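Dumped query.txt below, it's compact mmCIF, C-alpha atoms:
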```txt
# COMPACT_ATOMS: atom_id res chain seq x y z
CA MET E 29 -35.47 -4.53 -10.12
CA ARG E 30 -31.69 -4.38 -10.24
CA LYS E 31 -29.61 -6.71 -8.06
CA VAL E 32 -26.64 -5.48 -6.05
CA TYR E 33 -24.61 -8.11 -4.18
CA MET E 34 -23.16 -6.75 -0.95
CA ASP E 35 -22.44 -10.01 0.89
CA ASN E 36 -18.93 -10.86 -0.26
CA GLY E 37 -17.93 -11.28 3.39
CA ALA E 38 -20.01 -14.45 3.37
CA THR E 39 -18.86 -15.64 -0.05
CA SER E 40 -17.60 -13.86 -3.14
CA TYR E 41 -19.85 -13.36 -6.13
CA PRO E 42 -19.22 -13.46 -8.97
CA LYS E 43 -16.37 -15.94 -8.85
CA ALA E 44 -13.19 -15.48 -10.84
CA PRO E 45 -13.52 -16.11 -14.57
CA GLY E 46 -12.99 -19.76 -15.43
CA VAL E 47 -13.83 -21.25 -12.02
CA GLY E 48 -17.07 -22.92 -13.05
CA GLU E 49 -15.61 -24.13 -16.32
CA ALA E 50 -12.62 -25.69 -14.57
CA MET E 51 -14.85 -27.56 -12.12
CA ALA E 52 -17.08 -28.80 -14.95
CA ASP E 53 -14.00 -29.91 -16.91
CA TYR E 54 -12.86 -32.07 -14.02
CA ILE E 55 -16.29 -33.64 -13.54
CA ILE E 56 -16.96 -34.21 -17.25
CA ASN E 57 -13.51 -34.97 -18.65
CA VAL E 58 -11.26 -36.10 -15.78
CA GLY E 59 -13.26 -37.69 -12.97
CA CYS E 60 -10.51 -39.79 -11.39
CA ASN E 61 -8.89 -39.67 -7.96
CA ILE E 62 -5.27 -38.86 -7.15
CA GLY E 63 -2.77 -40.75 -5.04
CA ARG E 64 -4.55 -43.99 -5.89
CA GLY E 65 -4.56 -44.49 -9.65
CA GLY E 66 -1.48 -45.42 -11.68
CA TYR E 67 -2.61 -43.98 -15.02
CA GLU E 68 -2.19 -40.79 -17.02
CA ALA E 69 -5.37 -38.98 -16.02
CA ALA E 70 -4.60 -39.52 -12.32
CA TYR E 71 -1.05 -38.24 -12.80
CA ASP E 72 -2.34 -35.14 -14.62
CA ALA E 73 -4.82 -34.42 -11.83
CA ALA E 74 -2.09 -34.87 -9.22
CA SER E 75 0.08 -32.43 -11.16
CA LEU E 76 -2.68 -29.81 -11.11
CA ALA E 77 -3.16 -30.32 -7.37
CA LEU E 78 0.56 -29.73 -6.85
CA GLU E 79 0.43 -26.61 -9.02
CA THR E 80 -2.44 -25.36 -6.86
CA ARG E 81 -0.40 -25.89 -3.70
CA GLU E 82 2.43 -23.92 -5.29
CA GLN E 83 0.02 -21.11 -6.18
CA VAL E 84 -1.27 -20.95 -2.61
CA ASN E 85 2.24 -20.95 -1.22
CA ARG E 86 3.18 -18.03 -3.47
CA LEU E 87 0.03 -16.14 -2.53
CA VAL E 88 0.84 -16.18 1.20
CA ASN E 89 4.65 -16.53 1.00
CA GLY E 90 4.40 -19.79 2.88
CA PRO E 91 7.07 -22.30 3.90
CA GLY E 92 6.60 -24.53 0.85
CA ALA E 93 4.07 -26.23 -1.40
CA ARG E 94 4.01 -29.43 0.66
CA ASN E 95 3.01 -27.33 3.71
CA VAL E 96 -0.24 -26.37 1.98
CA ILE E 97 -3.06 -28.61 3.21
CA PHE E 98 -6.42 -28.88 1.45
CA THR E 99 -9.39 -28.94 3.84
CA PRO E 100 -13.19 -28.75 3.47
CA GLY E 101 -13.13 -25.08 4.49
CA SER E 102 -11.69 -22.46 6.79
CA THR E 103 -13.72 -23.72 9.76
CA HIS E 104 -12.13 -27.16 9.39
CA SER E 105 -8.70 -25.57 9.02
CA LEU E 106 -9.17 -23.63 12.26
CA ASN E 107 -10.33 -26.73 14.11
CA TYR E 108 -7.35 -28.70 12.79
CA LEU E 109 -5.01 -25.99 14.08
CA ILE E 110 -6.70 -25.27 17.41
CA LYS E 111 -7.70 -28.77 18.47
CA GLY E 112 -4.65 -30.36 16.92
CA LEU E 113 -2.33 -28.18 19.01
CA LEU E 114 -4.00 -27.47 22.36
CA LYS E 115 -4.45 -29.95 25.18
CA PRO E 116 -5.67 -29.72 28.80
CA GLY E 117 -3.44 -27.44 30.86
CA ASP E 118 -2.39 -25.30 27.89
CA ARG E 119 -2.99 -21.55 27.70
CA VAL E 120 -4.09 -19.70 24.57
CA VAL E 121 -4.63 -15.98 23.98
CA THR E 122 -7.10 -14.64 21.43
CA SER E 123 -9.23 -11.53 20.86
CA PRO E 124 -12.91 -10.71 21.34
CA MET E 125 -13.14 -9.90 17.62
CA GLU E 126 -12.96 -13.55 16.58
CA HIS E 127 -15.51 -15.47 14.55
CA ASN E 128 -17.21 -18.53 16.05
CA GLY E 129 -14.87 -20.60 13.89
CA VAL E 130 -12.32 -19.74 16.59
CA LEU E 131 -14.56 -19.10 19.60
CA ARG E 132 -16.51 -22.34 19.57
CA PRO E 133 -13.51 -24.69 19.34
CA LEU E 134 -11.89 -22.71 22.15
CA THR E 135 -15.05 -22.93 24.24
CA GLN E 136 -15.09 -26.69 23.79
CA LEU E 137 -11.44 -26.89 24.83
CA GLN E 138 -12.07 -24.69 27.88
CA LYS E 139 -14.35 -27.42 29.20
CA GLU E 140 -11.45 -29.85 28.85
CA GLY E 141 -9.02 -27.70 30.81
CA VAL E 142 -7.52 -25.28 28.29
CA GLU E 143 -7.13 -21.74 29.65
CA VAL E 144 -8.34 -18.97 27.32
CA ASP E 145 -7.26 -15.36 27.80
CA TRP E 146 -8.13 -12.26 25.78
CA PHE E 147 -6.26 -9.39 24.19
CA PRO E 148 -8.21 -6.17 24.84
CA CYS E 149 -9.79 -4.26 21.94
CA ASN E 150 -11.51 -0.86 21.87
CA ASP E 151 -15.05 -0.13 20.69
CA LYS E 152 -13.82 0.23 17.09
CA GLY E 153 -12.54 -3.32 17.08
CA GLU E 154 -8.91 -2.20 17.18
CA LEU E 155 -6.41 -4.34 19.07
CA LEU E 156 -4.72 -2.43 21.91
CA LEU E 157 -1.22 -3.33 20.85
CA ASP E 158 0.43 -1.83 23.92
CA LYS E 159 -1.49 -4.37 26.03
CA VAL E 160 -0.47 -7.43 23.99
CA GLU E 161 2.95 -8.10 25.48
CA GLU E 162 1.67 -8.46 29.04
CA LYS E 163 -0.63 -11.27 27.90
CA LEU E 164 2.25 -13.29 26.44
CA THR E 165 3.18 -15.01 29.69
CA PRO E 166 5.81 -17.78 29.84
CA ASN E 167 3.11 -20.46 30.06
CA THR E 168 1.34 -19.29 26.87
CA THR E 169 1.03 -22.22 24.46
CA ALA E 170 -0.39 -20.38 21.45
CA VAL E 171 -1.88 -17.15 20.16
CA ILE E 172 -4.73 -17.15 17.66
CA LEU E 173 -5.97 -13.98 16.03
CA THR E 174 -8.22 -12.99 13.17
CA HIS E 175 -6.51 -10.92 10.52
CA ALA E 176 -9.64 -8.79 10.08
CA SER E 177 -13.07 -8.66 11.66
CA ASN E 178 -15.90 -10.16 9.65
CA VAL E 179 -18.26 -7.75 11.45
CA CYS E 180 -16.69 -4.34 10.91
CA GLY E 181 -13.66 -4.86 8.66
CA THR E 182 -11.04 -3.67 11.17
CA VAL E 183 -7.63 -5.14 10.30
CA MET E 184 -5.45 -6.39 13.14
CA PRO E 185 -1.70 -5.64 13.42
CA ILE E 186 -0.77 -9.23 12.59
CA GLY E 187 2.86 -8.49 11.82
CA ALA E 188 3.50 -6.79 15.16
CA VAL E 189 1.79 -9.54 17.15
CA GLY E 190 3.58 -12.22 15.15
CA GLU E 191 6.95 -10.66 15.91
CA LEU E 192 6.21 -10.61 19.64
CA CYS E 193 5.18 -14.28 19.48
CA ALA E 194 8.29 -15.23 17.51
CA GLN E 195 10.53 -13.56 20.09
CA ARG E 196 9.02 -15.84 22.72
CA GLY E 197 8.72 -19.01 20.69
CA ILE E 198 4.91 -18.97 20.88
CA PRO E 199 3.09 -20.53 17.91
CA PHE E 200 1.05 -17.88 16.11
CA LEU E 201 -2.16 -18.99 14.40
CA VAL E 202 -4.07 -16.64 12.10
CA ASP E 203 -7.61 -16.74 10.76
CA GLY E 204 -7.27 -15.22 7.30
CA SER E 205 -10.87 -15.84 6.27
CA GLN E 206 -11.59 -12.18 5.53
CA THR E 207 -8.25 -11.16 4.10
CA VAL E 208 -6.35 -13.71 2.01
CA GLY E 209 -6.81 -12.62 -1.59
CA ALA E 210 -7.92 -9.09 -0.68
CA VAL E 211 -5.16 -8.02 1.72
CA GLU E 212 -1.50 -8.92 1.44
CA VAL E 213 -0.57 -11.83 3.69
CA ASP E 214 3.08 -12.80 4.13
CA MET E 215 3.53 -15.72 6.49
CA LYS E 216 7.28 -15.29 6.78
CA ALA E 217 7.28 -11.54 7.33
CA MET E 218 4.33 -11.76 9.74
CA HIS E 219 5.79 -14.75 11.64
CA ILE E 220 2.66 -16.83 11.07
CA ASP E 221 3.04 -20.50 12.00
CA GLY E 222 -0.43 -21.66 11.01
CA LEU E 223 -2.78 -19.92 8.59
CA ALA E 224 -6.39 -20.86 7.86
CA PHE E 225 -8.52 -19.45 5.05
CA PRO E 226 -11.26 -20.47 2.60
CA GLY E 227 -11.16 -20.71 -1.16
CA HIS E 228 -14.59 -19.14 -1.63
CA LYS E 229 -14.18 -15.62 -0.27
CA ALA E 230 -11.52 -13.14 -1.46
CA VAL E 231 -9.64 -15.90 -3.30
CA LEU E 232 -12.73 -15.97 -5.60
CA GLY E 233 -12.93 -19.76 -5.77
CA PRO E 234 -15.70 -22.26 -4.97
CA GLN E 235 -17.23 -23.27 -1.68
CA GLY E 236 -16.17 -26.54 -0.06
CA ILE E 237 -12.42 -26.07 -0.38
CA GLY E 238 -10.26 -24.52 2.33
CA LEU E 239 -6.58 -24.19 3.12
CA MET E 240 -4.33 -24.72 6.10
CA VAL E 241 -0.74 -23.63 5.67
CA VAL E 242 1.68 -24.67 8.41
CA THR E 243 5.36 -24.45 9.14
CA ASP E 244 7.29 -27.69 9.58
CA GLU E 245 7.75 -26.93 13.27
CA LEU E 246 4.02 -26.50 13.88
CA ALA E 247 3.10 -29.51 11.75
CA HIS E 248 5.17 -31.77 14.00
CA ARG E 249 3.24 -30.50 17.02
CA LEU E 250 -0.23 -30.95 15.53
CA THR E 251 -2.19 -34.12 16.11
CA PRO E 252 -4.13 -35.09 12.95
CA LEU E 253 -7.82 -34.89 13.84
CA VAL E 254 -8.90 -37.04 10.89
CA ALA E 255 -7.17 -40.34 10.15
CA GLY E 256 -7.56 -42.67 7.20
CA GLY E 257 -6.22 -43.55 3.79
CA THR E 258 -3.78 -41.25 2.08
CA GLY E 259 -2.59 -43.44 -0.80
CA SER E 260 0.86 -43.41 0.78
CA PHE E 261 2.57 -45.60 3.42
CA SER E 262 -0.42 -47.91 3.22
CA HIS E 263 1.45 -50.64 5.09
CA GLU E 264 1.46 -48.47 8.24
CA LEU E 265 -1.47 -48.08 10.63
CA GLU E 266 -0.31 -44.65 11.81
CA MET E 267 -0.86 -41.48 9.79
CA PRO E 268 2.23 -40.65 7.71
CA ASP E 269 4.66 -38.06 9.07
CA ILE E 270 5.21 -36.42 5.68
CA LEU E 271 3.31 -33.35 4.49
CA PRO E 272 0.72 -32.86 3.16
CA ASP E 273 -0.34 -36.51 3.65
CA ARG E 274 -0.36 -36.24 7.45
CA PHE E 275 -3.45 -33.99 7.35
CA GLU E 276 -5.18 -35.15 4.17
CA ALA E 277 -6.91 -38.45 4.95
CA GLY E 278 -9.56 -39.54 2.47
CA THR E 279 -10.55 -38.30 -0.96
CA LEU E 280 -9.74 -34.69 -1.74
CA ASN E 281 -12.31 -32.29 -3.17
CA LEU E 282 -10.86 -32.35 -6.67
CA PRO E 283 -13.66 -30.33 -8.33
CA GLY E 284 -12.95 -27.68 -5.69
CA ILE E 285 -9.21 -27.87 -6.29
CA TYR E 286 -9.71 -27.42 -10.03
CA GLY E 287 -11.91 -24.40 -9.36
CA LEU E 288 -9.40 -23.03 -6.85
CA HIS E 289 -6.60 -23.45 -9.39
CA ALA E 290 -8.53 -21.34 -11.90
CA ALA E 291 -9.23 -18.66 -9.27
CA LEU E 292 -5.59 -18.50 -8.21
CA THR E 293 -4.44 -18.31 -11.83
CA TYR E 294 -6.70 -15.29 -12.24
CA LEU E 295 -5.46 -13.70 -9.00
CA GLU E 296 -1.84 -14.13 -10.02
CA LYS E 297 -2.54 -12.05 -13.12
CA GLU E 298 -4.99 -9.50 -11.75
CA GLY E 299 -4.66 -9.62 -7.97
CA ALA E 300 -2.69 -6.41 -7.40
CA SER E 301 -5.07 -4.26 -9.45
CA LEU E 302 -8.11 -5.97 -7.93
CA ARG E 303 -6.86 -5.30 -4.38
CA GLU E 304 -6.21 -1.64 -5.12
CA LYS E 305 -9.59 -1.14 -6.75
CA GLU E 306 -11.39 -2.91 -3.90
CA HIS E 307 -9.58 -0.75 -1.37
CA GLN E 308 -10.69 2.42 -3.12
CA VAL E 309 -14.30 1.23 -3.42
CA ALA E 310 -14.28 0.24 0.26
CA LYS E 311 -13.12 3.72 1.26
CA HIS E 312 -15.90 5.16 -0.88
CA LEU E 313 -18.52 2.93 0.78
CA TRP E 314 -17.30 3.95 4.23
CA ALA E 315 -17.39 7.65 3.35
CA ARG E 316 -20.84 7.53 1.74
CA LEU E 317 -22.39 5.73 4.72
CA LYS E 318 -20.63 8.02 7.22
CA GLU E 319 -22.44 10.92 5.55
CA LEU E 320 -25.70 9.47 6.87
CA GLU E 321 -24.75 9.14 10.54
CA GLU E 322 -26.61 12.31 11.52
CA ASP E 323 -29.72 10.91 9.83
CA GLY E 324 -29.98 7.90 12.13
CA ILE E 325 -27.31 5.25 11.59
CA ARG E 326 -24.05 4.34 13.25
CA VAL E 327 -21.14 3.07 11.17
CA VAL E 328 -19.08 0.68 13.31
CA GLY E 329 -15.38 -0.14 13.17
CA THR E 330 -12.14 1.74 12.75
CA ASP E 331 -11.97 5.02 10.88
CA ASN E 332 -8.39 4.24 9.85
CA LEU E 333 -9.21 3.20 6.30
CA ASP E 334 -5.70 1.87 5.71
CA MET E 335 -6.55 -0.78 8.31
CA HIS E 336 -9.95 -1.67 6.88
CA THR E 337 -11.27 -4.34 4.55
CA GLY E 338 -14.29 -4.08 2.27
CA VAL E 339 -16.66 -4.88 5.16
CA VAL E 340 -18.74 -1.97 6.49
CA SER E 341 -21.45 -2.52 9.12
CA ILE E 342 -24.15 -0.09 10.19
CA HIS E 343 -26.74 0.00 12.96
CA PHE E 344 -30.05 1.77 12.40
CA LEU E 345 -30.58 3.79 15.56
CA HIS E 346 -34.34 4.24 15.26
CA ALA E 347 -35.42 1.15 13.33
CA ASP E 348 -35.03 -2.60 13.45
CA ASP E 349 -31.89 -3.68 11.58
CA GLY E 350 -33.56 -6.87 10.37
CA GLU E 351 -36.47 -4.94 8.91
CA MET E 352 -34.12 -2.50 7.19
CA ALA E 353 -32.06 -5.32 5.68
CA PHE E 354 -35.27 -6.94 4.44
CA ARG E 355 -36.43 -3.70 2.86
CA LEU E 356 -33.05 -3.11 1.22
CA GLU E 357 -33.45 -6.41 -0.59
CA GLN E 358 -37.18 -6.24 -1.29
CA GLU E 359 -37.36 -2.62 -2.41
CA TYR E 360 -33.87 -2.03 -3.85
CA GLY E 361 -32.45 -5.48 -4.65
CA ILE E 362 -29.48 -5.00 -2.29
CA ALA E 363 -28.26 -8.24 -0.68
CA THR E 364 -26.68 -7.72 2.75
CA ARG E 365 -26.24 -9.76 5.90
CA CYS E 366 -27.99 -8.79 9.12
CA GLY E 367 -27.51 -10.03 12.68
CA LEU E 368 -24.55 -11.12 14.79
CA HIS E 369 -22.48 -12.62 11.94
CA CYS E 370 -21.33 -15.61 14.05
CA ALA E 371 -19.24 -13.21 16.15
CA PRO E 372 -21.10 -12.36 19.39
CA THR E 373 -18.09 -11.11 21.36
CA ALA E 374 -17.15 -8.80 18.49
CA HIS E 375 -20.58 -7.20 18.71
CA GLN E 376 -20.24 -6.91 22.48
CA THR E 377 -16.94 -5.11 21.94
CA LEU E 378 -18.39 -2.81 19.28
CA GLY E 379 -21.48 -2.04 21.36
CA THR E 380 -23.88 -3.62 18.87
CA PHE E 381 -24.99 -6.62 20.93
CA PRO E 382 -27.58 -8.12 20.92
CA GLN E 383 -29.19 -6.38 17.95
CA GLY E 384 -26.23 -6.83 15.59
CA THR E 385 -25.73 -4.79 12.43
CA VAL E 386 -26.53 -4.65 8.74
CA ARG E 387 -23.30 -5.63 6.99
CA PHE E 388 -22.31 -4.45 3.53
CA SER E 389 -19.30 -6.32 2.16
CA ILE E 390 -17.89 -5.50 -1.24
CA GLY E 391 -15.72 -7.54 -3.56
CA PRO E 392 -13.27 -6.77 -6.35
CA PHE E 393 -16.08 -6.49 -8.89
CA THR E 394 -18.17 -4.02 -6.85
CA THR E 395 -18.42 -0.63 -8.58
CA PHE E 396 -18.43 2.93 -7.29
CA GLU E 397 -21.87 3.37 -8.87
CA GLU E 398 -23.22 0.42 -6.86
CA VAL E 399 -21.91 2.03 -3.68
CA ASP E 400 -23.68 5.27 -4.55
CA TYR E 401 -26.87 3.29 -5.17
CA VAL E 402 -26.53 1.65 -1.74
CA GLN E 403 -26.08 5.03 -0.08
CA GLY E 404 -29.16 6.36 -1.85
CA ALA E 405 -31.20 3.36 -0.72
CA VAL E 406 -30.15 3.70 2.92
CA GLU E 407 -30.85 7.43 2.79
CA ALA E 408 -34.31 6.79 1.39
CA LEU E 409 -35.10 4.28 4.15
CA LEU E 410 -33.96 6.74 6.80
CA LYS E 411 -36.19 9.46 5.37
CA ASP E 412 -39.11 7.04 5.14
CA GLN E 413 -38.84 5.99 8.79
CA GLY E 414 -38.56 9.58 9.96
```

Could you rewrite the structure in this file as structure tokens?
Amino acid sequence: MRKVYMDNGATSYPKAPGVGEAMADYIINVGCNIGRGGYEAAYDAASLALETREQVNRLVNGPGARNVIFTPGSTHSLNYLIKGLLKPGDRVVTSPMEHNGVLRPLTQLQKEGVEVDWFPCNDKGELLLDKVEEKLTPNTTAVILTHASNVCGTVMPIGAVGELCAQRGIPFLVDGSQTVGAVEVDMKAMHIDGLAFPGHKAVLGPQGIGLMVVTDELAHRLTPLVAGGTGSFSHELEMPDILPDRFEAGTLNLPGIYGLHAALTYLEKEGASLREKEHQVAKHLWARLKELEEDGIRVVGTDNLDMHTGVVSIHFLHADDGEMAFRLEQEYGIATRCGLHCAPTAHQTLGTFPQGTVRFSIGPFTTFEEVDYVQGAVEALLKDQG
């Protein structure tokens, strides 16, 4: 049976060429730490880590290489931003389309006295931009917003919201987990103060390495949530003020950084063509699945395909979604993700709670022929159930 991977929203596969080899090279031939050793191999590894920060900064047009913080993943990055900034009595505005990486930290902070308010969205997951400004009250401490829904692929108007926040001096935090690498992200143009994203999704790198990119102004307001050795200012008992040291206590994931460096090197060469191809394949997937709506499925999310990622979710109207996802894999070799996708309020907004959806998420290596195969498989299941 053939295998078709349609779960790139969870993690990309395959990874960029050279990622595995770079990680193996570090483990087999380098092996040392950085910021601690005064010898050539350690200096070379530190140089590659700096190059990787520079690559990340170029990718998102950030404030500078030293403002790029390595983390264990996007979830950690979001917690560092949210919990490092907000304190009891503060007010934050978000959207119902967020992932639990945002919702759960905010829920914890609500119990400590942080007020959480919501931007309204319609049943396609689209932000009602004309309702945003009224939520940006003078006592608003921060705004946090996903760049795109991990459930339905709807892209949020980040630039417009960022401009409104900048006009009011409100820190703007963005969850770029579903977009960075696949959709253009420009921190300066979009007025993003803090950006969180993983290395293992559209960046095409390994798991276990994430990024937090912050402006100098935001960095000074964030309390480091993890404290410890940095290899710098070791005579002081406080965390250093300088970046990136302030937020990088302990040993960095150097195998992950080596893999990330290889992925970013590939993206710098091929990224534009990969993004264009993925966009066209995503539009094809949307169109092919929409053809089947009269046969017993609902395709959720925006129909504005210029504001859509490669994530397309469907709900089987007359069958159990979990059973259909199981059959797609068992009978056709198609790997999807079924359920609530760690985003319950998004499903409530889309009208797919509590059953969830079957999510197809493509990557830059997904082909048009694979999309046609997926459509044929879903069509066959619909005919079989009827």

Exercise: Met29 (chain E) partners within 10 Å, all atoms listed in the file, chain neighbours under 4 positions left out, as number ranges by chain: E: 357-362

Those same residues, written as a short mmCIF file (atom, residue, chain, number, x, y, z; two decimals), in the coordinates of the input with C-alpha atoms?
```cif
data_model
loop_
_atom_site.label_atom_id
_atom_site.label_comp_id
_atom_site.auth_asym_id
_atom_site.auth_seq_id
_atom_site.Cartn_x
_atom_site.Cartn_y
_atom_site.Cartn_z
CA GLU E 357 -33.45 -6.41 -0.59
CA GLN E 358 -37.18 -6.24 -1.29
CA GLU E 359 -37.36 -2.62 -2.41
CA TYR E 360 -33.87 -2.03 -3.85
CA GLY E 361 -32.45 -5.48 -4.65
CA ILE E 362 -29.48 -5.00 -2.29
#
```

Nearby residues, (-13.7, -26.5, 2.1) file frame, 12 Å, only C-alpha atoms, as a ChimeraX atom specification: /E:97-106,205,224-229,233-240,280-285,287-288

Export C-alpha atoms of the chosen residues as a CSV table (one decimal), in the coordinates of the input?
```csv
chain,number,residue,atom,x,y,z
E,97,ILE,CA,-3.1,-28.6,3.2
E,98,PHE,CA,-6.4,-28.9,1.4
E,99,THR,CA,-9.4,-28.9,3.8
E,100,PRO,CA,-13.2,-28.8,3.5
E,101,GLY,CA,-13.1,-25.1,4.5
E,102,SER,CA,-11.7,-22.5,6.8
E,103,THR,CA,-13.7,-23.7,9.8
E,104,HIS,CA,-12.1,-27.2,9.4
E,105,SER,CA,-8.7,-25.6,9.0
E,106,LEU,CA,-9.2,-23.6,12.3
E,205,SER,CA,-10.9,-15.8,6.3
E,224,ALA,CA,-6.4,-20.9,7.9
E,225,PHE,CA,-8.5,-19.4,5.0
E,226,PRO,CA,-11.3,-20.5,2.6
E,227,GLY,CA,-11.2,-20.7,-1.2
E,228,HIS,CA,-14.6,-19.1,-1.6
E,229,LYS,CA,-14.2,-15.6,-0.3
E,233,GLY,CA,-12.9,-19.8,-5.8
E,234,PRO,CA,-15.7,-22.3,-5.0
E,235,GLN,CA,-17.2,-23.3,-1.7
E,236,GLY,CA,-16.2,-26.5,-0.1
E,237,ILE,CA,-12.4,-26.1,-0.4
E,238,GLY,CA,-10.3,-24.5,2.3
E,239,LEU,CA,-6.6,-24.2,3.1
E,240,MET,CA,-4.3,-24.7,6.1
E,280,LEU,CA,-9.7,-34.7,-1.7
E,281,ASN,CA,-12.3,-32.3,-3.2
E,282,LEU,CA,-10.9,-32.4,-6.7
E,283,PRO,CA,-13.7,-30.3,-8.3
E,284,GLY,CA,-13.0,-27.7,-5.7
E,285,ILE,CA,-9.2,-27.9,-6.3
E,287,GLY,CA,-11.9,-24.4,-9.4
E,288,LEU,CA,-9.4,-23.0,-6.8
```

Between CA of Thr330 (chain E) and CA of Thr182 (chain E) - distance in Å to one decimal: 5.7 Å

For Ala405 (chain E), the nearest of the candidates E:Ala310, E:Leu250, E:Ile110, E:Leu320, counting all atoms listed in the file: E:Leu320

Distance of CA of Thr174 (chain E) from CA of Glu306 (chain E), expressed in Å to one decimal place: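 About the pair CA of Glu306 (chain E) and CA of Thr174 (chain E): they are 20.1 Å apart.
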
Given all atoms listed in the file as the counted atoms, nearest of E:Met125, E:Val254, E:Val328, E:Ala210 to Asn107 (chain E): E:Val254

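Each of E:Tyr108, E:Tyr286, E:Val386, E:Ala363 was checked against Arg30 (chain E) using all atoms listed in the file; the smallest atom-to-atom distance is that of E:Ala363.
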
Atom pair CA of Ser389 (chain E) / CA of Asn150 (chain E): separation (Å):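 It comes out at 21.9 Å.
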
Shell around Pro42 (chain E) at 12 Å using all atoms listed in the file, local window under 4 positions removed, as JSON, numbers by chain: {"E": [32, 33, 34, 35, 36, 46, 47, 48, 228, 229, 230, 231, 232, 233, 234, 291, 390, 391, 392, 393, 394]}
